[in-house]
>>> print(open('final.pdb').read())   # PDB, C-alpha atoms, pLDDT in the B column
ATOM      1  CA  MET A 502       5.262  24.210  -3.519  1.00 57.00           C
ATOM      2  CA  THR A 503       9.067  24.155  -3.301  1.00 61.00           C
ATOM      3  CA  VAL A 504      11.303  21.257  -4.317  1.00 58.00           C
ATOM      4  CA  GLN A 505      11.925  20.504  -0.660  1.00 64.00           C
ATOM      5  CA  HIS A 506       8.195  20.428   0.157  1.00 60.00           C
ATOM      6  CA  ARG A 507       7.615  18.027  -2.747  1.00 59.00           C
ATOM      7  CA  THR A 508      10.467  15.827  -1.479  1.00 65.00           C
ATOM      8  CA  ALA A 509       8.994  15.698   2.024  1.00 62.00           C
ATOM      9  CA  GLU A 510       5.477  14.950   0.764  1.00 61.00           C
ATOM     10  CA  LYS A 511       6.753  12.134  -1.467  1.00 59.00           C
ATOM     11  CA  LEU A 512       8.632  10.550   1.431  1.00 60.00           C
ATOM     12  CA  LYS A 513       5.584  10.778   3.706  1.00 55.00           C
ATOM     13  CA  ARG A 514       3.478   8.874   1.180  1.00 59.00           C
ATOM     14  CA  ARG A 515       5.932   5.996   0.986  1.00 56.00           C
ATOM     15  CA  PRO A 516       5.360   2.941   3.185  1.00 49.00           C
ATOM     16  CA  SER A 517       7.417   2.879   6.361  1.00 43.00           C
ATOM     17  CA  ARG A 518       8.959  -0.510   5.625  1.00 40.00           C
ATOM     18  CA  ASN A 519      12.125  -0.837   3.581  1.00 40.00           C
ATOM     19  CA  HIS A 520      10.915  -0.899  -0.020  1.00 39.00           C
ATOM     20  CA  HIS A 521      13.906  -2.994  -1.127  1.00 36.00           C
ATOM     21  CA  ILE A 522      13.213  -6.102   0.934  1.00 33.00           C
ATOM     22  CA  ASP A 523      10.755  -7.546  -1.608  1.00 40.00           C
ATOM     23  CA  ARG A 524      13.253  -7.624  -4.454  1.00 40.00           C
ATOM     24  CA  PRO A 525      16.899  -8.692  -4.830  1.00 49.00           C
ATOM     25  CA  GLU A 526      19.548  -6.261  -3.681  1.00 49.00           C
ATOM     26  CA  SER A 527      20.751  -4.138  -6.600  1.00 45.00           C
ATOM     27  CA  PRO A 528      24.454  -4.173  -7.573  1.00 45.00           C
ATOM     28  CA  ARG A 529      24.642  -0.432  -6.759  1.00 40.00           C
ATOM     29  CA  ARG A 530      23.279  -0.891  -3.245  1.00 42.00           C
ATOM     30  CA  ARG A 531      25.517  -3.927  -2.696  1.00 44.00           C
ATOM     31  CA  LEU A 532      28.565  -1.848  -3.642  1.00 38.00           C
ATOM     32  CA  ALA A 533      27.422   1.015  -1.401  1.00 39.00           C
ATOM     33  CA  ARG A 534      26.893  -1.341   1.542  1.00 43.00           C
ATOM     34  CA  ARG A 535      30.312  -2.941   1.070  1.00 41.00           C
ATOM     35  CA  ALA A 536      31.889   0.510   0.906  1.00 38.00           C
ATOM     36  CA  CYS A 537      30.351   1.322   4.318  1.00 41.00           C
ATOM     37  CA  PRO A 538      31.402  -1.347   6.834  1.00 39.00           C
ATOM     38  CA  ARG A 539      29.314   0.402   9.505  1.00 42.00           C
ATOM     39  CA  HIS A 540      26.186  -0.996   7.815  1.00 40.00           C
ATOM     40  CA  GLY A 541      27.238  -4.459   8.916  1.00 38.00           C
ATOM     41  CA  MET A 542      26.924  -7.724   7.056  1.00 33.00           C
ATOM     42  CA  GLY A 543      23.158  -7.490   6.926  1.00 41.00           C
ATOM     43  CA  GLY A 544      22.850  -3.830   5.926  1.00 51.00           C
ATOM     44  CA  ARG A 545      21.480  -2.211   9.095  1.00 62.00           C
ATOM     45  CA  ASP A 546      18.193  -0.426   8.540  1.00 70.00           C
ATOM     46  CA  ASP A 547      18.922   2.062  11.354  1.00 83.00           C
ATOM     47  CA  VAL A 548      21.824   3.551   9.345  1.00 90.00           C
ATOM     48  CA  PRO A 549      20.688   6.024   6.631  1.00 93.00           C
ATOM     49  CA  LEU A 550      21.601   4.912   3.125  1.00 94.00           C
ATOM     50  CA  PHE A 551      21.301   7.119   0.029  1.00 95.00           C
ATOM     51  CA  ASP A 552      21.767   6.469  -3.659  1.00 94.00           C
ATOM     52  CA  ASP A 553      25.092   7.977  -4.722  1.00 91.00           C
ATOM     53  CA  GLU A 554      23.779   8.950  -8.168  1.00 92.00           C
ATOM     54  CA  THR A 555      20.267  10.250  -7.451  1.00 93.00           C
ATOM     55  CA  GLY A 556      20.433  11.206  -3.765  1.00 93.00           C
ATOM     56  CA  GLU A 557      17.300   9.124  -3.144  1.00 94.00           C
ATOM     57  CA  ALA A 558      16.736   7.755   0.357  1.00 95.00           C
ATOM     58  CA  LEU A 559      17.138   3.976   0.107  1.00 95.00           C
ATOM     59  CA  ASN A 560      15.877   2.838   3.507  1.00 94.00           C
ATOM     60  CA  ALA A 561      13.529   3.891   6.287  1.00 95.00           C
ATOM     61  CA  ALA A 562      16.289   5.527   8.336  1.00 95.00           C
ATOM     62  CA  ALA A 563      17.301   7.723   5.398  1.00 95.00           C
ATOM     63  CA  ARG A 564      13.710   8.719   4.657  1.00 96.00           C
ATOM     64  CA  GLN A 565      13.121   9.647   8.281  1.00 95.00           C
ATOM     65  CA  LEU A 566      16.336  11.689   8.367  1.00 96.00           C
ATOM     66  CA  VAL A 567      15.214  13.729   5.349  1.00 96.00           C
ATOM     67  CA  LEU A 568      11.776  14.257   6.876  1.00 96.00           C
ATOM     68  CA  ASP A 569      13.407  15.465  10.103  1.00 95.00           C
ATOM     69  CA  ALA A 570      15.616  17.862   8.154  1.00 96.00           C
ATOM     70  CA  LEU A 571      12.577  19.396   6.405  1.00 95.00           C
ATOM     71  CA  GLU A 572      10.047  19.101   9.220  1.00 92.00           C
ATOM     72  CA  VAL A 573       9.817  22.737  10.305  1.00 90.00           C
ATOM     73  CA  ASP A 574       9.003  25.639   8.020  1.00 88.00           C
ATOM     74  CA  LEU A 575      11.743  28.121   7.214  1.00 85.00           C
ATOM     75  CA  GLN A 576      11.485  31.468   8.981  1.00 80.00           C
ATOM     76  CA  ARG A 577      11.813  34.303   6.483  1.00 71.00           C
ATOM     77  CA  PRO A 578      13.361  32.229   3.664  1.00 64.00           C
ATOM     78  CA  GLY A 579      16.250  33.996   1.978  1.00 62.00           C
ATOM     79  CA  GLU A 580      17.169  36.077   5.000  1.00 67.00           C
ATOM     80  CA  GLU A 581      20.422  35.314   6.777  1.00 66.00           C
ATOM     81  CA  THR A 582      19.736  36.937  10.138  1.00 65.00           C
ATOM     82  CA  SER A 583      16.834  38.328  12.125  1.00 71.00           C
ATOM     83  CA  SER A 584      16.462  41.398  14.277  1.00 78.00           C
ATOM     84  CA  ALA A 585      15.309  39.330  17.257  1.00 87.00           C
ATOM     85  CA  PRO A 586      17.985  38.528  19.877  1.00 92.00           C
ATOM     86  CA  LEU A 587      19.569  35.124  19.338  1.00 94.00           C
ATOM     87  CA  GLY A 588      19.634  34.217  23.003  1.00 94.00           C
ATOM     88  CA  PRO A 589      22.360  32.221  24.764  1.00 96.00           C
ATOM     89  CA  ALA A 590      21.853  28.924  22.933  1.00 97.00           C
ATOM     90  CA  LEU A 591      21.957  30.186  19.341  1.00 96.00           C
ATOM     91  CA  SER A 592      24.668  32.780  20.002  1.00 96.00           C
ATOM     92  CA  SER A 593      26.987  30.052  21.326  1.00 97.00           C
ATOM     93  CA  ILE A 594      26.936  28.048  18.071  1.00 97.00           C
ATOM     94  CA  PRO A 595      29.790  28.527  15.567  1.00 97.00           C
ATOM     95  CA  VAL A 596      28.397  29.764  12.266  1.00 97.00           C
ATOM     96  CA  VAL A 597      30.901  27.935  10.054  1.00 98.00           C
ATOM     97  CA  HIS A 598      32.514  24.572  10.632  1.00 97.00           C
ATOM     98  CA  CYS A 599      33.996  23.046   7.484  1.00 97.00           C
ATOM     99  CA  ALA A 600      36.664  20.414   7.054  1.00 97.00           C
ATOM    100  CA  GLU A 601      39.705  21.310   4.976  1.00 97.00           C
ATOM    101  CA  GLY A 602      39.457  19.755   1.547  1.00 97.00           C
ATOM    102  CA  THR A 603      36.448  19.253  -0.720  1.00 98.00           C
ATOM    103  CA  TYR A 604      33.257  17.810   0.732  1.00 98.00           C
ATOM    104  CA  LYS A 605      29.486  18.068   0.598  1.00 98.00           C
ATOM    105  CA  TYR A 606      27.956  20.784   2.766  1.00 98.00           C
ATOM    106  CA  VAL A 607      24.579  21.843   4.118  1.00 98.00           C
ATOM    107  CA  GLN A 608      23.240  25.225   5.106  1.00 98.00           C
ATOM    108  CA  VAL A 609      20.931  24.888   8.119  1.00 97.00           C
ATOM    109  CA  GLN A 610      18.592  27.387   9.724  1.00 97.00           C
ATOM    110  CA  LEU A 611      18.637  27.068  13.503  1.00 96.00           C
ATOM    111  CA  THR A 612      15.951  28.305  15.880  1.00 95.00           C
ATOM    112  CA  HIS A 613      15.241  27.904  19.583  1.00 95.00           C
ATOM    113  CA  PRO A 614      11.915  28.059  21.451  1.00 94.00           C
ATOM    114  CA  GLU A 615      13.407  30.437  24.030  1.00 93.00           C
ATOM    115  CA  ALA A 616      14.395  32.908  21.300  1.00 93.00           C
ATOM    116  CA  PRO A 617      11.122  33.573  19.440  1.00 92.00           C
ATOM    117  CA  GLY A 618      11.574  35.142  16.030  1.00 90.00           C
ATOM    118  CA  ALA A 619      15.333  34.563  16.021  1.00 93.00           C
ATOM    119  CA  GLN A 620      17.168  32.479  13.444  1.00 94.00           C
ATOM    120  CA  LEU A 621      20.774  31.565  12.764  1.00 95.00           C
ATOM    121  CA  LEU A 622      22.121  30.248   9.467  1.00 96.00           C
ATOM    122  CA  VAL A 623      25.067  27.890   9.844  1.00 97.00           C
ATOM    123  CA  VAL A 624      27.260  26.040   7.350  1.00 98.00           C
ATOM    124  CA  ARG A 625      28.534  22.534   8.028  1.00 98.00           C
ATOM    125  CA  SER A 626      30.809  20.222   6.051  1.00 98.00           C
ATOM    126  CA  TYR A 627      32.337  17.181   7.754  1.00 98.00           C
ATOM    127  CA  SER A 628      34.997  14.980   6.177  1.00 97.00           C
ATOM    128  CA  SER A 629      33.335  11.857   7.597  1.00 95.00           C
ATOM    129  CA  CYS A 630      29.946  12.490   5.936  1.00 95.00           C
ATOM    130  CA  ARG A 631      29.238  10.992   2.515  1.00 93.00           C
ATOM    131  CA  TYR A 632      25.781  12.466   2.155  1.00 95.00           C
ATOM    132  CA  HIS A 633      24.278  15.924   2.615  1.00 97.00           C
ATOM    133  CA  ALA A 634      21.744  14.608   5.106  1.00 97.00           C
ATOM    134  CA  GLU A 635      24.510  13.131   7.247  1.00 97.00           C
ATOM    135  CA  ASN A 636      26.035  16.586   7.699  1.00 98.00           C
ATOM    136  CA  TYR A 637      22.692  17.755   9.094  1.00 98.00           C
ATOM    137  CA  GLN A 638      22.453  14.657  11.285  1.00 97.00           C
ATOM    138  CA  ARG A 639      25.896  15.159  12.806  1.00 97.00           C
ATOM    139  CA  LEU A 640      25.262  18.857  13.458  1.00 98.00           C
ATOM    140  CA  MET A 641      22.011  18.148  15.296  1.00 98.00           C
ATOM    141  CA  ARG A 642      23.560  15.330  17.320  1.00 97.00           C
ATOM    142  CA  GLU A 643      26.317  17.667  18.464  1.00 97.00           C
ATOM    143  CA  LEU A 644      23.818  20.376  19.426  1.00 97.00           C
ATOM    144  CA  ARG A 645      21.562  17.967  21.313  1.00 96.00           C
ATOM    145  CA  ALA A 646      24.505  16.482  23.196  1.00 96.00           C
ATOM    146  CA  ALA A 647      25.698  19.839  24.559  1.00 96.00           C
ATOM    147  CA  ASP A 648      23.898  21.266  27.591  1.00 95.00           C
ATOM    148  CA  GLY A 649      24.006  24.820  26.253  1.00 95.00           C
ATOM    149  CA  THR A 650      22.314  24.027  22.937  1.00 97.00           C
ATOM    150  CA  LYS A 651      19.642  21.529  23.933  1.00 94.00           C
ATOM    151  CA  GLY A 652      16.304  22.409  22.355  1.00 95.00           C
ATOM    152  CA  VAL A 653      17.788  23.921  19.194  1.00 97.00           C
ATOM    153  CA  VAL A 654      15.744  23.082  16.089  1.00 96.00           C
ATOM    154  CA  GLY A 655      17.399  22.707  12.684  1.00 97.00           C
ATOM    155  CA  ARG A 656      15.970  22.912   9.182  1.00 97.00           C
ATOM    156  CA  VAL A 657      18.019  22.271   6.045  1.00 97.00           C
ATOM    157  CA  VAL A 658      17.949  25.211   3.642  1.00 96.00           C
ATOM    158  CA  GLY A 659      20.052  23.607   0.932  1.00 96.00           C
ATOM    159  CA  GLY A 660      23.468  22.243   0.162  1.00 97.00           C
ATOM    160  CA  GLY A 661      26.173  21.600  -2.382  1.00 97.00           C
ATOM    161  CA  ARG A 662      29.933  21.242  -2.225  1.00 98.00           C
ATOM    162  CA  ILE A 663      32.623  23.275  -0.534  1.00 98.00           C
ATOM    163  CA  ARG A 664      36.373  23.435  -1.010  1.00 98.00           C
ATOM    164  CA  PHE A 665      38.297  24.765   1.993  1.00 97.00           C
ATOM    165  CA  ASP A 666      42.020  25.330   1.507  1.00 96.00           C
ATOM    166  CA  PRO A 667      44.280  24.538   4.478  1.00 92.00           C
ATOM    167  CA  GLY A 668      45.478  27.567   6.386  1.00 84.00           C
ATOM    168  CA  ASP A 669      49.147  26.829   5.697  1.00 89.00           C
ATOM    169  CA  VAL A 670      48.944  27.231   1.906  1.00 90.00           C
ATOM    170  CA  PRO A 671      49.804  30.560   0.270  1.00 92.00           C
ATOM    171  CA  SER A 672      46.701  32.704  -0.253  1.00 94.00           C
ATOM    172  CA  PRO A 673      44.139  30.132   0.960  1.00 96.00           C
ATOM    173  CA  SER A 674      40.722  30.319  -0.664  1.00 97.00           C
ATOM    174  CA  ALA A 675      37.333  28.658  -0.589  1.00 98.00           C
ATOM    175  CA  ALA A 676      34.747  27.774  -3.226  1.00 98.00           C
ATOM    176  CA  VAL A 677      31.059  26.848  -3.058  1.00 98.00           C
ATOM    177  CA  TRP A 678      29.145  25.212  -5.909  1.00 98.00           C
ATOM    178  CA  GLY A 679      26.648  22.556  -6.933  1.00 97.00           C
ATOM    179  CA  TYR A 680      23.536  21.406  -5.125  1.00 97.00           C
ATOM    180  CA  SER A 681      22.099  18.563  -3.067  1.00 97.00           C
ATOM    181  CA  LYS A 682      20.282  15.864  -5.012  1.00 95.00           C
ATOM    182  CA  THR A 683      18.563  14.806  -1.805  1.00 95.00           C
ATOM    183  CA  PHE A 684      17.238  18.251  -0.854  1.00 95.00           C
ATOM    184  CA  GLY A 685      17.050  19.780  -4.331  1.00 94.00           C
ATOM    185  CA  ARG A 686      18.296  23.074  -5.734  1.00 92.00           C
ATOM    186  CA  THR A 687      17.833  26.117  -3.500  1.00 93.00           C
ATOM    187  CA  PRO A 688      18.201  29.446  -5.315  1.00 93.00           C
ATOM    188  CA  GLY A 689      20.586  31.761  -3.486  1.00 94.00           C
ATOM    189  CA  CYS A 690      21.939  29.091  -1.139  1.00 96.00           C
ATOM    190  CA  ASN A 691      25.485  28.955  -2.538  1.00 97.00           C
ATOM    191  CA  GLU A 692      25.748  32.726  -2.843  1.00 97.00           C
ATOM    192  CA  ARG A 693      24.565  33.181   0.730  1.00 97.00           C
ATOM    193  CA  THR A 694      26.933  30.461   1.967  1.00 97.00           C
ATOM    194  CA  ALA A 695      29.877  32.177   0.272  1.00 97.00           C
ATOM    195  CA  ALA A 696      28.921  35.474   1.923  1.00 97.00           C
ATOM    196  CA  ILE A 697      28.765  33.764   5.324  1.00 97.00           C
ATOM    197  CA  ILE A 698      32.217  32.232   4.822  1.00 97.00           C
ATOM    198  CA  LYS A 699      33.687  35.594   3.768  1.00 97.00           C
ATOM    199  CA  ARG A 700      32.357  37.159   6.956  1.00 96.00           C
ATOM    200  CA  GLU A 701      33.211  34.358   9.359  1.00 96.00           C
ATOM    201  CA  CYS A 702      36.566  33.199   7.929  1.00 95.00           C
ATOM    202  CA  PRO A 703      38.892  36.223   7.641  1.00 94.00           C
ATOM    203  CA  ARG A 704      41.870  34.003   6.748  1.00 93.00           C
ATOM    204  CA  PHE A 705      40.495  33.754   3.206  1.00 95.00           C
ATOM    205  CA  GLN A 706      40.587  37.563   2.849  1.00 94.00           C
ATOM    206  CA  ASN A 707      37.470  37.499   0.670  1.00 94.00           C
ATOM    207  CA  ARG A 708      38.945  34.826  -1.628  1.00 97.00           C
ATOM    208  CA  VAL A 709      35.664  32.919  -1.713  1.00 98.00           C
ATOM    209  CA  GLU A 710      34.025  31.967  -5.002  1.00 98.00           C
ATOM    210  CA  TRP A 711      30.576  30.566  -5.600  1.00 98.00           C
ATOM    211  CA  SER A 712      28.577  29.098  -8.466  1.00 97.00           C
ATOM    212  CA  ASP A 713      25.322  27.218  -8.929  1.00 95.00           C
ATOM    213  CA  GLU A 714      26.877  25.091 -11.675  1.00 94.00           C
ATOM    214  CA  GLY A 715      28.030  21.506 -11.340  1.00 88.00           C
ATOM    215  CA  TYR A 716      27.397  18.919  -8.653  1.00 82.00           C
TER     216      TYR A 716
END
>>> encode(input="final.pdb", output="structure tokens")
Amino acid sequence: MTVQHRTAEKLKRRPSRNHHIDRPESPRRRLARRACPRHGMGGRDDVPLFDDETGEALNAAARQLVLDALEVDLQRPGEETSSAPLGPALSSIPVVHCAEGTYKYVQVQLTHPEAPGAQLLVVRSYSSCRYHAENYQRLMRELRAADGTKGVVGRVVGGGRIRFDPGDVPSPSAAVWGYSKTFGRTPGCNERTAAIIKRECPRFQNRVEWSDEGY
């Protein structure tokens, strides 16, 4: 059983109610809530909240988000592409979308019921997302909102951190490292992500480094 399968099984066994409501709010959660005004004065349970140190899902919305991200089984784990035609929906999706700067990223395997056997690996890193799971959430919301990509299914492969240099700096480069504490370590994820960026982002001219070290 993989780390991600163990994570999903552990979340499924937890009660659906917020497990923090029976004890006083911890100083760490209080600081996290104050740092995120969107949670509101009462700490909205419909907004996913994760522990900044452990990556643990702290409320029901966060647990459900992780379960959604791991719900479907990976098709041919470790393979970047498939020989089956992608079809119009998958082929219309940009493979790499990363904000300039240093942020958390996720690698997501996308499939579509009208393209059996096909898969597309994409890399996403948004400057507005504090957590790995939020990058997945934003990607799927964007795909579901667009007519051409409705029905696309996403499954998180892994994640870490990405540094994307702005295009106006001399010899821009990119770097991929670390892992996601929420989704666990995924062997080969950072190396595969770096290879995808090299292929899809010619402005870096192969100046893309990767490592599994750090966080």
>>> resolve_selection(input="final.pdb", expression="the PyMOL selection byres ((chain A and resi 707) around 12)", output="VMD selection string")
chain A and resid 672 to 676 695 to 706 708 to 711
>>> residues_around(input="final.pdb", residues="A:Lys682", least_positions_apart="3", cutoff="9 Å", atoms="only C-alpha atoms", output="PyMOL selection string")
chain A and resi 554-557+633+660-661+685-686+716
>>> closest_atom_pairs(input="final.pdb", of="stretch 636-688 of chain A", to="stretch 566-579 of chain A", cutoff="7 Å", atoms="only C-alpha atoms", output="CSV")
residue,atom,partner,partner_atom,distance
A:Gly655,CA,A:Ala570,CA,6.9
A:Arg656,CA,A:Ala570,CA,5.2
A:Val657,CA,A:Ala570,CA,5.4
>>> closest_residue(input="final.pdb", among="A:Thr603, A:Val609, A:Val677, A:Gly652", to="A:Tyr627", atoms="all atoms listed in the file")
A:Thr603
>>> residues_around(input="final.pdb", residues="A:Ala562", least_positions_apart="6", cutoff="6 Å", atoms="all atoms listed in the file", output="compact mmCIF listing (two decimals) with C-alpha atoms, in the coordinates of the input")
# COMPACT_ATOMS: atom_id res chain seq x y z
CA ASP A 547 18.92 2.06 11.35
CA VAL A 548 21.82 3.55 9.35
CA PRO A 549 20.69 6.02 6.63
>>> closest_residue(input="final.pdb", among="A:Leu611, A:Leu550, A:Ala585, A:Val596", to="A:Lys651", atoms="only C-alpha atoms")
A:Leu611
>>> closest_residue(input="final.pdb", among="A:Gln638, A:Thr612, A:Gln565, A:Ser681", to="A:Leu591", atoms="only C-alpha atoms")
A:Thr612
>>> resolve_selection(input="final.pdb", expression="the PyMOL selection byres ((chain A and resi 619) around 8)", output="PDB file with C-alpha atoms, in the coordinates of the input")
ATOM      1  CA  THR A 582      19.736  36.937  10.138  1.00 65.00           C
ATOM      2  CA  SER A 583      16.834  38.328  12.125  1.00 71.00           C
ATOM      3  CA  SER A 584      16.462  41.398  14.277  1.00 78.00           C
ATOM      4  CA  ALA A 585      15.309  39.330  17.257  1.00 87.00           C
ATOM      5  CA  PRO A 586      17.985  38.528  19.877  1.00 92.00           C
ATOM      6  CA  LEU A 587      19.569  35.124  19.338  1.00 94.00           C
ATOM      7  CA  THR A 612      15.951  28.305  15.880  1.00 95.00           C
ATOM      8  CA  HIS A 613      15.241  27.904  19.583  1.00 95.00           C
ATOM      9  CA  ALA A 616      14.395  32.908  21.300  1.00 93.00           C
ATOM     10  CA  PRO A 617      11.122  33.573  19.440  1.00 92.00           C
ATOM     11  CA  GLY A 618      11.574  35.142  16.030  1.00 90.00           C
ATOM     12  CA  GLN A 620      17.168  32.479  13.444  1.00 94.00           C
ATOM     13  CA  LEU A 621      20.774  31.565  12.764  1.00 95.00           C
TER      14      LEU A 621
END
>>> closest_residue(input="final.pdb", among="A:Arg645, A:Arg631, A:Arg662, A:Arg693", to="A:Cys599", atoms="all atoms listed in the file")
A:Arg662
>>> closest_residue(input="final.pdb", among="A:Val653, A:Asp713, A:Asp546, A:Leu640", to="A:Ser592", atoms="all atoms listed in the file")
A:Val653
>>> atom_distance(input="final.pdb", atom1="atom CA of A:Glu615", atom2="atom CA of A:Tyr637")
21.7 Å
>>> atom_distance(input="final.pdb", atom1="atom CA of A:Asn691", atom2="atom CA of A:Leu559")
26.5 Å
>>> atom_distance(input="final.pdb", atom1="atom CA of A:Gly602", atom2="atom CA of A:Phe665")
5.2 Å
